[in-house]
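So this block is target_13.pdb, PDB, C-alpha atoms:
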ATOM      1  CA  MET A  30      40.035   8.908  -1.499
ATOM      2  CA  ASN A  31      40.208   5.747  -3.609
ATOM      3  CA  ASP A  32      40.600   2.999  -1.011
ATOM      4  CA  ARG A  33      40.205  -0.648  -1.952
ATOM      5  CA  ARG A  34      38.540  -1.307   1.396
ATOM      6  CA  LEU A  35      35.525   0.868   0.586
ATOM      7  CA  PRO A  36      33.845  -1.484  -1.928
ATOM      8  CA  MET A  37      34.357  -4.350   0.537
ATOM      9  CA  LEU A  38      32.863  -2.277   3.359
ATOM     10  CA  ARG A  39      29.844  -1.475   1.207
ATOM     11  CA  ARG A  40      29.229  -5.158   0.532
ATOM     12  CA  PHE A  41      29.725  -6.079   4.180
ATOM     13  CA  ALA A  42      27.472  -3.234   5.371
ATOM     14  CA  ALA A  43      24.736  -4.293   2.930
ATOM     15  CA  LEU A  44      24.994  -7.904   4.152
ATOM     16  CA  CYS A  45      25.002  -6.708   7.760
ATOM     17  CA  ALA A  46      21.834  -4.672   7.124
ATOM     18  CA  VAL A  47      20.119  -7.789   5.747
ATOM     19  CA  LEU A  48      21.245  -9.844   8.758
ATOM     20  CA  VAL A  49      20.084  -7.193  11.241
ATOM     21  CA  LEU A  50      16.748  -6.932   9.449
ATOM     22  CA  ALA A  51      16.398 -10.709   9.840
ATOM     23  CA  ILE A  52      17.351 -10.454  13.523
ATOM     24  CA  THR A  53      14.799  -7.748  14.274
ATOM     25  CA  SER A  54      12.102  -9.678  12.407
ATOM     26  CA  LEU A  55      12.884 -12.922  14.257
ATOM     27  CA  SER A  56      12.965 -11.051  17.560
ATOM     28  CA  ALA A  57       9.582  -9.505  16.771
ATOM     29  CA  PHE A  58       8.151 -12.941  15.940
ATOM     30  CA  ILE A  59       9.433 -14.395  19.226
ATOM     31  CA  ARG A  60       8.090 -11.454  21.225
ATOM     32  CA  LEU A  61       4.714 -11.154  19.515
ATOM     33  CA  SER A  62       3.944 -14.852  19.243
ATOM     34  CA  GLY A  63       4.964 -15.231  22.888
ATOM     35  CA  ALA A  64       2.463 -12.513  23.774
ATOM     36  CA  GLY A  65      -0.251 -14.570  22.113
ATOM     37  CA  LEU A  66      -0.626 -13.069  18.648
ATOM     38  CA  GLY A  67      -1.707 -15.747  16.218
ATOM     39  CA  CYS A  68      -2.868 -18.173  18.933
ATOM     40  CA  ALA A  69      -5.893 -20.418  18.459
ATOM     41  CA  ASP A  70      -8.466 -18.945  20.853
ATOM     42  CA  TRP A  71      -7.799 -15.305  19.990
ATOM     43  CA  PRO A  72      -8.191 -12.894  21.719
ATOM     44  CA  ALA A  73      -8.640 -14.845  24.956
ATOM     45  CA  CYS A  74      -5.044 -16.080  24.684
ATOM     46  CA  TYR A  75      -3.574 -12.554  24.421
ATOM     47  CA  GLY A  76      -1.241 -12.097  27.378
ATOM     48  CA  ARG A  77      -2.002 -15.581  28.709
ATOM     49  CA  ALA A  78       1.654 -16.435  29.300
ATOM     50  CA  LEU A  79       2.147 -13.326  31.436
ATOM     51  CA  ARG A  80      -1.034 -13.951  33.433
ATOM     52  CA  GLU A  81      -0.039 -17.563  34.047
ATOM     53  CA  ALA A  82       3.447 -16.529  35.164
ATOM     54  CA  GLN A  83       2.010 -13.895  37.533
ATOM     55  CA  GLN A  84      -0.383 -16.476  38.983
ATOM     56  CA  GLY A  85       2.392 -19.042  39.442
ATOM     57  CA  ALA A  86       0.955 -21.418  36.849
ATOM     58  CA  THR A  87       2.990 -23.311  34.258
ATOM     59  CA  PRO A  88       2.800 -21.543  30.888
ATOM     60  CA  THR A  89       1.150 -23.433  28.059
ATOM     61  CA  ALA A  90       3.303 -24.913  25.318
ATOM     62  CA  GLU A  91       1.271 -23.456  22.449
ATOM     63  CA  GLY A  92       3.587 -22.130  19.760
ATOM     64  CA  ALA A  93       6.672 -23.215  21.730
ATOM     65  CA  GLN A  94       8.163 -25.215  18.842
ATOM     66  CA  ALA A  95       7.926 -22.339  16.368
ATOM     67  CA  ARG A  96       9.492 -19.950  18.895
ATOM     68  CA  ALA A  97      12.271 -22.446  19.639
ATOM     69  CA  VAL A  98      13.153 -22.628  15.931
ATOM     70  CA  ALA A  99      13.008 -18.829  15.703
ATOM     71  CA  ARG A 100      15.305 -18.487  18.753
ATOM     72  CA  LEU A 101      17.842 -20.860  17.214
ATOM     73  CA  ALA A 102      17.774 -18.966  13.918
ATOM     74  CA  HIS A 103      18.013 -15.669  15.828
ATOM     75  CA  ARG A 104      21.167 -16.817  17.640
ATOM     76  CA  ILE A 105      22.832 -18.100  14.464
ATOM     77  CA  VAL A 106      22.122 -14.913  12.528
ATOM     78  CA  ALA A 107      23.158 -12.746  15.499
ATOM     79  CA  VAL A 108      26.533 -14.509  15.762
ATOM     80  CA  ALA A 109      27.071 -14.096  12.010
ATOM     81  CA  ALA A 110      26.227 -10.388  12.272
ATOM     82  CA  LEU A 111      28.607  -9.933  15.222
ATOM     83  CA  LEU A 112      31.492 -11.555  13.322
ATOM     84  CA  LEU A 113      30.738  -9.370  10.316
ATOM     85  CA  VAL A 114      30.723  -6.213  12.451
ATOM     86  CA  ILE A 115      34.073  -7.170  14.012
ATOM     87  CA  THR A 116      35.490  -7.717  10.524
ATOM     88  CA  MET A 117      34.275  -4.288   9.379
ATOM     89  CA  ALA A 118      35.719  -2.579  12.458
ATOM     90  CA  MET A 119      39.099  -4.227  11.905
ATOM     91  CA  ALA A 120      39.070  -3.355   8.206
ATOM     92  CA  CYS A 121      38.439   0.290   9.068
ATOM     93  CA  LEU A 122      40.858   0.745  11.966
ATOM     94  CA  ALA A 123      43.420  -2.068  12.037
ATOM     95  CA  SER A 124      45.141  -1.135   8.780
ATOM     96  CA  GLN A 125      46.674   2.086   7.478
ATOM     97  CA  PRO A 126      45.412   4.649   6.858
ATOM     98  CA  PRO A 127      42.502   4.291   9.300
ATOM     99  CA  LEU A 128      39.048   5.019   7.875
ATOM    100  CA  TRP A 129      37.838   7.127  10.770
ATOM    101  CA  ARG A 130      34.424   8.072   9.410
ATOM    102  CA  GLU A 131      33.453   4.495   8.605
ATOM    103  CA  GLY A 132      35.307   3.215  11.670
ATOM    104  CA  ARG A 133      33.132   5.245  14.046
ATOM    105  CA  SER A 134      30.004   3.660  12.594
ATOM    106  CA  ALA A 135      31.574   0.198  12.795
ATOM    107  CA  LEU A 136      32.575   0.716  16.446
ATOM    108  CA  ALA A 137      29.076   1.951  17.277
ATOM    109  CA  LEU A 138      27.691  -1.175  15.611
ATOM    110  CA  LEU A 139      30.026  -3.338  17.661
ATOM    111  CA  GLY A 140      28.999  -1.609  20.896
ATOM    112  CA  LEU A 141      25.306  -2.112  20.108
ATOM    113  CA  ALA A 142      25.853  -5.760  19.162
ATOM    114  CA  LEU A 143      27.620  -6.447  22.461
ATOM    115  CA  PHE A 144      24.923  -4.557  24.392
ATOM    116  CA  LEU A 145      22.183  -6.631  22.760
ATOM    117  CA  ALA A 146      24.123  -9.841  23.405
ATOM    118  CA  VAL A 147      24.271  -9.017  27.121
ATOM    119  CA  LEU A 148      20.636  -7.889  27.185
ATOM    120  CA  GLY A 149      19.615 -11.148  25.517
ATOM    121  CA  ARG A 150      20.494 -13.048  28.696
ATOM    122  CA  TRP A 151      17.543 -11.383  30.437
ATOM    123  CA  SER A 152      15.156 -11.178  27.509
ATOM    124  CA  SER A 153      13.425 -14.559  27.648
ATOM    125  CA  GLY A 154      12.052 -14.300  31.180
ATOM    126  CA  ALA A 155      11.807 -10.524  31.463
ATOM    127  CA  ARG A 156       8.398  -9.024  32.253
ATOM    128  CA  VAL A 157       9.165  -5.310  32.331
ATOM    129  CA  PRO A 158       8.827  -3.400  29.031
ATOM    130  CA  ALA A 159      12.302  -1.859  29.457
ATOM    131  CA  VAL A 160      13.953  -5.070  28.233
ATOM    132  CA  THR A 161      11.708  -5.161  25.167
ATOM    133  CA  LEU A 162      12.483  -1.505  24.456
ATOM    134  CA  GLY A 163      16.208  -2.140  24.768
ATOM    135  CA  ASN A 164      16.053  -4.971  22.247
ATOM    136  CA  LEU A 165      13.723  -3.106  19.906
ATOM    137  CA  LEU A 166      15.568   0.216  19.826
ATOM    138  CA  GLY A 167      18.990  -1.431  19.845
ATOM    139  CA  GLY A 168      18.111  -3.587  16.851
ATOM    140  CA  PHE A 169      16.690  -0.661  14.895
ATOM    141  CA  ALA A 170      19.732   1.460  15.763
ATOM    142  CA  MET A 171      21.984  -1.278  14.356
ATOM    143  CA  LEU A 172      19.951  -1.337  11.144
ATOM    144  CA  ALA A 173      20.240   2.443  10.791
ATOM    145  CA  LEU A 174      24.005   2.321  11.404
ATOM    146  CA  CYS A 175      24.441  -0.427   8.810
ATOM    147  CA  TRP A 176      22.678   1.757   6.279
ATOM    148  CA  ARG A 177      24.783   4.757   7.295
ATOM    149  CA  LEU A 178      27.976   2.740   6.899
ATOM    150  CA  LEU A 179      26.803   1.480   3.528
ATOM    151  CA  ARG A 180      26.188   5.029   2.320
ATOM    152  CA  SER A 181      29.353   6.549   3.810
ATOM    153  CA  ALA A 182      31.558   3.846   2.286
ATOM    154  CA  GLY A 183      30.002   4.429  -1.113
ATOM    155  CA  SER A 184      30.516   8.107  -1.756
ATOM    156  CA  ALA A 185      30.668  11.496  -0.125
ATOM    157  CA  PRO A 186      27.217  12.581   1.089
ATOM    158  CA  LEU A 187      25.331  15.278  -0.790
ATOM    159  CA  ARG A 188      24.824  18.240   1.499
ATOM    160  CA  ALA A 189      21.363  19.735   1.760
ATOM    161  CA  ALA A 190      21.298  21.376   5.160
ATOM    162  CA  ARG A 191      17.592  22.215   5.347
ATOM    163  CA  LEU A 192      16.449  18.776   4.235
ATOM    164  CA  ALA A 193      18.959  17.079   6.561
ATOM    165  CA  ARG A 194      17.723  19.089   9.577
ATOM    166  CA  TRP A 195      14.153  18.185   8.725
ATOM    167  CA  ALA A 196      15.114  14.519   8.457
ATOM    168  CA  ARG A 197      16.851  14.650  11.860
ATOM    169  CA  VAL A 198      13.637  15.905  13.439
ATOM    170  CA  ALA A 199      11.807  13.055  11.720
ATOM    171  CA  VAL A 200      14.357  10.546  13.072
ATOM    172  CA  VAL A 201      13.794  11.746  16.650
ATOM    173  CA  LEU A 202      10.010  11.563  16.247
ATOM    174  CA  LEU A 203      10.204   8.111  14.664
ATOM    175  CA  VAL A 204      12.400   6.777  17.494
ATOM    176  CA  LEU A 205       9.859   8.083  20.016
ATOM    177  CA  GLN A 206       7.066   6.486  17.994
ATOM    178  CA  ILE A 207       8.916   3.161  17.889
ATOM    179  CA  ALA A 208       9.413   3.366  21.670
ATOM    180  CA  LEU A 209       5.677   3.974  22.142
ATOM    181  CA  GLY A 210       4.949   1.009  19.898
ATOM    182  CA  GLY A 211       7.285  -1.072  22.040
ATOM    183  CA  LEU A 212       5.394   0.001  25.167
ATOM    184  CA  VAL A 213       2.094  -0.982  23.522
ATOM    185  CA  SER A 214       3.532  -4.378  22.611
ATOM    186  CA  ALA A 215       5.343  -5.092  25.879
ATOM    187  CA  GLY A 216       2.402  -3.750  27.912
ATOM    188  CA  TYR A 217      -0.079  -6.029  26.094
ATOM    189  CA  ALA A 218      -2.045  -2.937  25.101
ATOM    190  CA  GLY A 219      -2.603  -3.874  21.475
ATOM    191  CA  LEU A 220      -6.318  -4.450  22.065
ATOM    192  CA  SER A 221      -6.756  -1.785  24.734
ATOM    193  CA  CYS A 222      -7.966   0.849  22.293
ATOM    194  CA  THR A 223     -10.041  -0.523  19.427
ATOM    195  CA  ALA A 224     -12.391   2.463  19.122
ATOM    196  CA  TRP A 225     -11.871   6.164  18.448
ATOM    197  CA  PRO A 226     -11.691   8.513  20.276
ATOM    198  CA  ASP A 227     -12.673   7.067  23.684
ATOM    199  CA  CYS A 228     -11.053   3.604  23.298
ATOM    200  CA  GLY A 229     -14.378   1.879  23.884
ATOM    201  CA  GLY A 230     -14.724   3.419  27.335
ATOM    202  CA  HIS A 231     -11.282   2.312  28.550
ATOM    203  CA  TRP A 232     -10.240   5.942  28.965
ATOM    204  CA  THR A 233     -11.848   5.780  32.421
ATOM    205  CA  VAL A 234      -9.110   3.438  33.651
ATOM    206  CA  LEU A 235      -6.110   4.980  31.899
ATOM    207  CA  SER A 236      -2.870   4.586  33.839
ATOM    208  CA  TRP A 237       0.341   6.589  33.509
ATOM    209  CA  GLN A 238       2.115   3.392  34.485
ATOM    210  CA  SER A 239       1.515   2.134  30.935
ATOM    211  CA  LEU A 240       4.185   4.657  29.869
ATOM    212  CA  ASN A 241       6.631   3.471  32.542
ATOM    213  CA  PRO A 242       9.037   0.948  30.961
ATOM    214  CA  TRP A 243       9.961  -0.401  34.410
ATOM    215  CA  HIS A 244       6.376  -1.184  35.408
ATOM    216  CA  GLU A 245       5.290  -4.776  34.888
ATOM    217  CA  PRO A 246       1.792  -4.891  33.368
ATOM    218  CA  VAL A 247      -0.761  -6.656  35.571
ATOM    219  CA  PHE A 248      -3.797  -8.343  34.035
ATOM    220  CA  ASP A 249      -7.267  -8.959  35.285
ATOM    221  CA  ALA A 250      -7.501 -12.733  34.946
ATOM    222  CA  THR A 251     -11.020 -12.432  33.504
ATOM    223  CA  LEU A 252     -10.098 -10.064  30.645
ATOM    224  CA  PRO A 253      -8.208 -10.754  27.399
ATOM    225  CA  ILE A 254      -7.034  -7.130  27.281
ATOM    226  CA  ASN A 255      -5.206  -4.654  29.480
ATOM    227  CA  PRO A 256      -7.541  -1.598  29.751
ATOM    228  CA  PRO A 257      -5.048   0.665  31.622
ATOM    229  CA  GLY A 258      -2.669   0.237  28.671
ATOM    230  CA  ALA A 259      -5.019   2.312  26.521
ATOM    231  CA  LEU A 260      -2.983   5.430  27.356
ATOM    232  CA  ALA A 261       0.109   4.011  25.638
ATOM    233  CA  HIS A 262      -2.039   2.968  22.698
ATOM    234  CA  MET A 263      -3.619   6.434  22.401
ATOM    235  CA  ALA A 264      -0.179   8.065  22.608
ATOM    236  CA  HIS A 265       1.072   5.765  19.842
ATOM    237  CA  ARG A 266      -1.869   6.765  17.619
ATOM    238  CA  ALA A 267      -1.301  10.449  18.299
ATOM    239  CA  GLY A 268       2.389   9.985  17.522
ATOM    240  CA  ALA A 269       1.478   8.430  14.179
ATOM    241  CA  VAL A 270      -0.502  11.562  13.252
ATOM    242  CA  VAL A 271       2.351  13.871  14.261
ATOM    243  CA  LEU A 272       4.892  11.764  12.381
ATOM    244  CA  ALA A 273       2.728  11.723   9.266
ATOM    245  CA  VAL A 274       2.482  15.532   9.382
ATOM    246  CA  VAL A 275       6.307  15.696   9.384
ATOM    247  CA  LEU A 276       7.058  12.888   6.920
ATOM    248  CA  LEU A 277       4.579  13.842   4.222
ATOM    249  CA  PRO A 278       6.155  17.245   3.443
ATOM    250  CA  LEU A 279       9.629  15.752   3.984
ATOM    251  CA  GLY A 280       8.976  13.198   1.252
ATOM    252  CA  VAL A 281       7.658  15.901  -1.080
ATOM    253  CA  ALA A 282      10.666  18.128  -0.316
ATOM    254  CA  ALA A 283      13.047  15.244  -1.073
ATOM    255  CA  LEU A 284      11.319  14.708  -4.412
ATOM    256  CA  ARG A 285      11.617  18.386  -5.295
ATOM    257  CA  SER A 286      15.273  18.559  -4.273
ATOM    258  CA  GLY A 287      16.252  15.831  -6.729
ATOM    259  CA  ARG A 288      16.281  12.898  -4.299
ATOM    260  CA  ARG A 289      13.428  11.201  -6.075
ATOM    261  CA  GLY A 290      14.216   7.698  -4.879
ATOM    262  CA  ALA A 291      14.436   8.691  -1.216
ATOM    263  CA  GLY A 292      11.383  10.934  -1.417
ATOM    264  CA  ALA A 293       9.249   8.281  -3.085
ATOM    265  CA  ALA A 294      10.440   5.691  -0.557
ATOM    266  CA  VAL A 295       9.524   7.956   2.389
ATOM    267  CA  LEU A 296       6.019   8.480   1.026
ATOM    268  CA  ALA A 297       5.546   4.801   0.173
ATOM    269  CA  LEU A 298       6.751   3.565   3.560
ATOM    270  CA  LEU A 299       4.641   6.178   5.354
ATOM    271  CA  ALA A 300       1.533   5.068   3.452
ATOM    272  CA  ALA A 301       2.337   1.403   4.140
ATOM    273  CA  GLN A 302       2.889   2.024   7.852
ATOM    274  CA  LEU A 303      -0.317   4.004   8.298
ATOM    275  CA  GLY A 304      -2.237   1.374   6.353
ATOM    276  CA  LEU A 305      -0.764  -1.450   8.425
ATOM    277  CA  GLY A 306      -1.550   0.362  11.681
ATOM    278  CA  LEU A 307      -5.168   0.901  10.661
ATOM    279  CA  ALA A 308      -5.523  -2.679   9.423
ATOM    280  CA  MET A 309      -4.119  -4.018  12.698
ATOM    281  CA  VAL A 310      -6.749  -2.158  14.717
ATOM    282  CA  LEU A 311      -9.606  -3.194  12.410
ATOM    283  CA  THR A 312      -8.570  -6.858  12.260
ATOM    284  CA  ALA A 313      -7.521  -7.326  15.924
ATOM    285  CA  LEU A 314      -3.748  -7.625  15.547
ATOM    286  CA  PRO A 315      -2.980 -10.477  13.121
ATOM    287  CA  LEU A 316       0.572 -11.673  13.679
ATOM    288  CA  ALA A 317       1.573 -11.181  10.029
ATOM    289  CA  LEU A 318       0.482  -7.531  10.029
ATOM    290  CA  ALA A 319       2.255  -6.857  13.331
ATOM    291  CA  LEU A 320       5.487  -8.312  11.916
ATOM    292  CA  ALA A 321       5.114  -6.220   8.755
ATOM    293  CA  HIS A 322       4.509  -3.107  10.901
ATOM    294  CA  ASN A 323       7.777  -3.791  12.732
ATOM    295  CA  LEU A 324       9.669  -4.374   9.466
ATOM    296  CA  VAL A 325       8.450  -1.167   7.799
ATOM    297  CA  ALA A 326       9.399   0.864  10.889
ATOM    298  CA  GLY A 327      12.976  -0.392  10.626
ATOM    299  CA  LEU A 328      13.196   0.380   6.915
ATOM    300  CA  LEU A 329      11.774   3.863   7.450
ATOM    301  CA  LEU A 330      14.287   4.598  10.217
ATOM    302  CA  ALA A 331      17.222   3.528   8.049
ATOM    303  CA  LEU A 332      15.983   5.690   5.186
ATOM    304  CA  LEU A 333      15.532   8.767   7.383
ATOM    305  CA  VAL A 334      18.999   8.333   8.903
ATOM    306  CA  GLY A 335      20.380   8.392   5.357
ATOM    307  CA  LEU A 336      18.528  11.632   4.612
ATOM    308  CA  ALA A 337      19.661  13.132   7.916
ATOM    309  CA  ASP A 338      23.273  12.469   6.878
ATOM    310  CA  GLY A 339      22.685  14.332   3.631
ATOM    311  CA  ASP A 340      22.513  11.295   1.330
TER
END
Rewrite the structure of this file - the entire thing - as structure tokens.
Amino acid sequence: MNDRRLPMLRRFAALCAVLVLAITSLSAFIRLSGAGLGCADWPACYGRALREAQQGATPTAEGAQARAVARLAHRIVAVAALLLVITMAMACLASQPPLWREGRSALALLGLALFLAVLGRWSSGARVPAVTLGNLLGGFAMLALCWRLLRSAGSAPLRAARLARWARVAVVLLVLQIALGGLVSAGYAGLSCTAWPDCGGHWTVLSWQSLNPWHEPVFDATLPINPPGALAHMAHRAGAVVLAVVLLPLGVAALRSGRRGAGAAVLALLAAQLGLGLAMVLTALPLALALAHNLVAGLLLALLVGLADGD
């Protein structure tokens, strides 16, 4: 169908994807810098804010100005994205004939945006990983939906059932991997497993609670790390291996099926993500690498959602 709204929806969806990517990156900066990444006396400052809050002390002001600027930018961009999503939903459904396929994606985007807006009221002072996971997965889901809306408003998807099924499996595995990464981040377990395979001896104090998103991590005041969180870290590493085993042949299959751009992008993003993960462990979690790791995960999810839809 030749509808004049479709080119407009494509432009709006592309802009929305850029805005959501900025939102997720700003949110990651606020979360990770608040956890202590990039602080002066690294790694002693890792998790300091949480330890101080648990001990009833006043948190230090280190990095507060940068986070305040990031929060302001986050709110401005989030409001702009919400208005854009409302505009897309109205363009799809408030005029005749309704664009039901694109409208469903726009309504899902609107629901996620409102959910994240409500969740944001509890984000700043929250200590349980569940709030971090809600923000992380909700933001990535919005990015994937923006990409899906962009593709669906452009042209009819190319059907390749076997490749699409494979990509759907990859999407599920990647979402689980992102959730594990969120648990590692929110549980301050980034330094809990710096050696392979025994995590430097921390395997002796592994705790299943590190996989419980409703369990607030508790620090030993004398340690800069959270040894019980090594289980979440080990699970995240194992998930990376499993995901690589799935994505590598998926990228090759996409190349062979004629989707050269998507296949090459899958392989490139997979290589970048594995390289970033390894570099983070070897260099003790630099803030820039952690932010890049978060960004590549979002791009990879959007790309796989496109393949799962048959693009």
The PyMOL selection byres ((chain A and resi 162-173) around 8) - which residues does that actually catch in the file I just gave you? List them as a count of residues only. 30
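Of the residues listed (A:Ala321, A:Leu272, A:Ala218, A:Leu113), A:Ala218 shows the shortest atom-to-atom separation from A:Gly258; distances use only C-alpha atoms.
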Would you compute the distance between atom CA of A:Val106 and atom CA of A:Ser56? Give it in Å to one decimal.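 Atom CA of A:Val106 sits 11.1 Å away from atom CA of A:Ser56.
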Using only C-alpha atoms, determine which residues lie at most 10 Å from stretch 298-307 of chain A, disregarding the query and same-chain residues fewer than 4 positions distant; provide the list as a compact mmCIF listing (two decimals) with C-alpha atoms, keeping the file's coordinate frame.
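Wrote it out as around25.txt, contents follow:
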# COMPACT_ATOMS: atom_id res chain seq x y z
CA ARG A 266 -1.87 6.76 17.62
CA ALA A 269 1.48 8.43 14.18
CA VAL A 270 -0.50 11.56 13.25
CA LEU A 272 4.89 11.76 12.38
CA ALA A 273 2.73 11.72 9.27
CA LEU A 276 7.06 12.89 6.92
CA LEU A 277 4.58 13.84 4.22
CA GLY A 280 8.98 13.20 1.25
CA ALA A 293 9.25 8.28 -3.08
CA ALA A 294 10.44 5.69 -0.56
CA LEU A 311 -9.61 -3.19 12.41
CA THR A 312 -8.57 -6.86 12.26
CA LEU A 314 -3.75 -7.62 15.55
CA LEU A 318 0.48 -7.53 10.03
CA ALA A 319 2.26 -6.86 13.33
CA LEU A 320 5.49 -8.31 11.92
CA ALA A 321 5.11 -6.22 8.76
CA HIS A 322 4.51 -3.11 10.90
CA ASN A 323 7.78 -3.79 12.73
CA LEU A 324 9.67 -4.37 9.47
CA VAL A 325 8.45 -1.17 7.80
CA ALA A 326 9.40 0.86 10.89
CA LEU A 328 13.20 0.38 6.92
CA LEU A 329 11.77 3.86 7.45
CA LEU A 332 15.98 5.69 5.19
For atom CA of A:Gly219 and atom CA of A:Ser236, quote the distance in Å rounded to one decimal. 15.0 Å
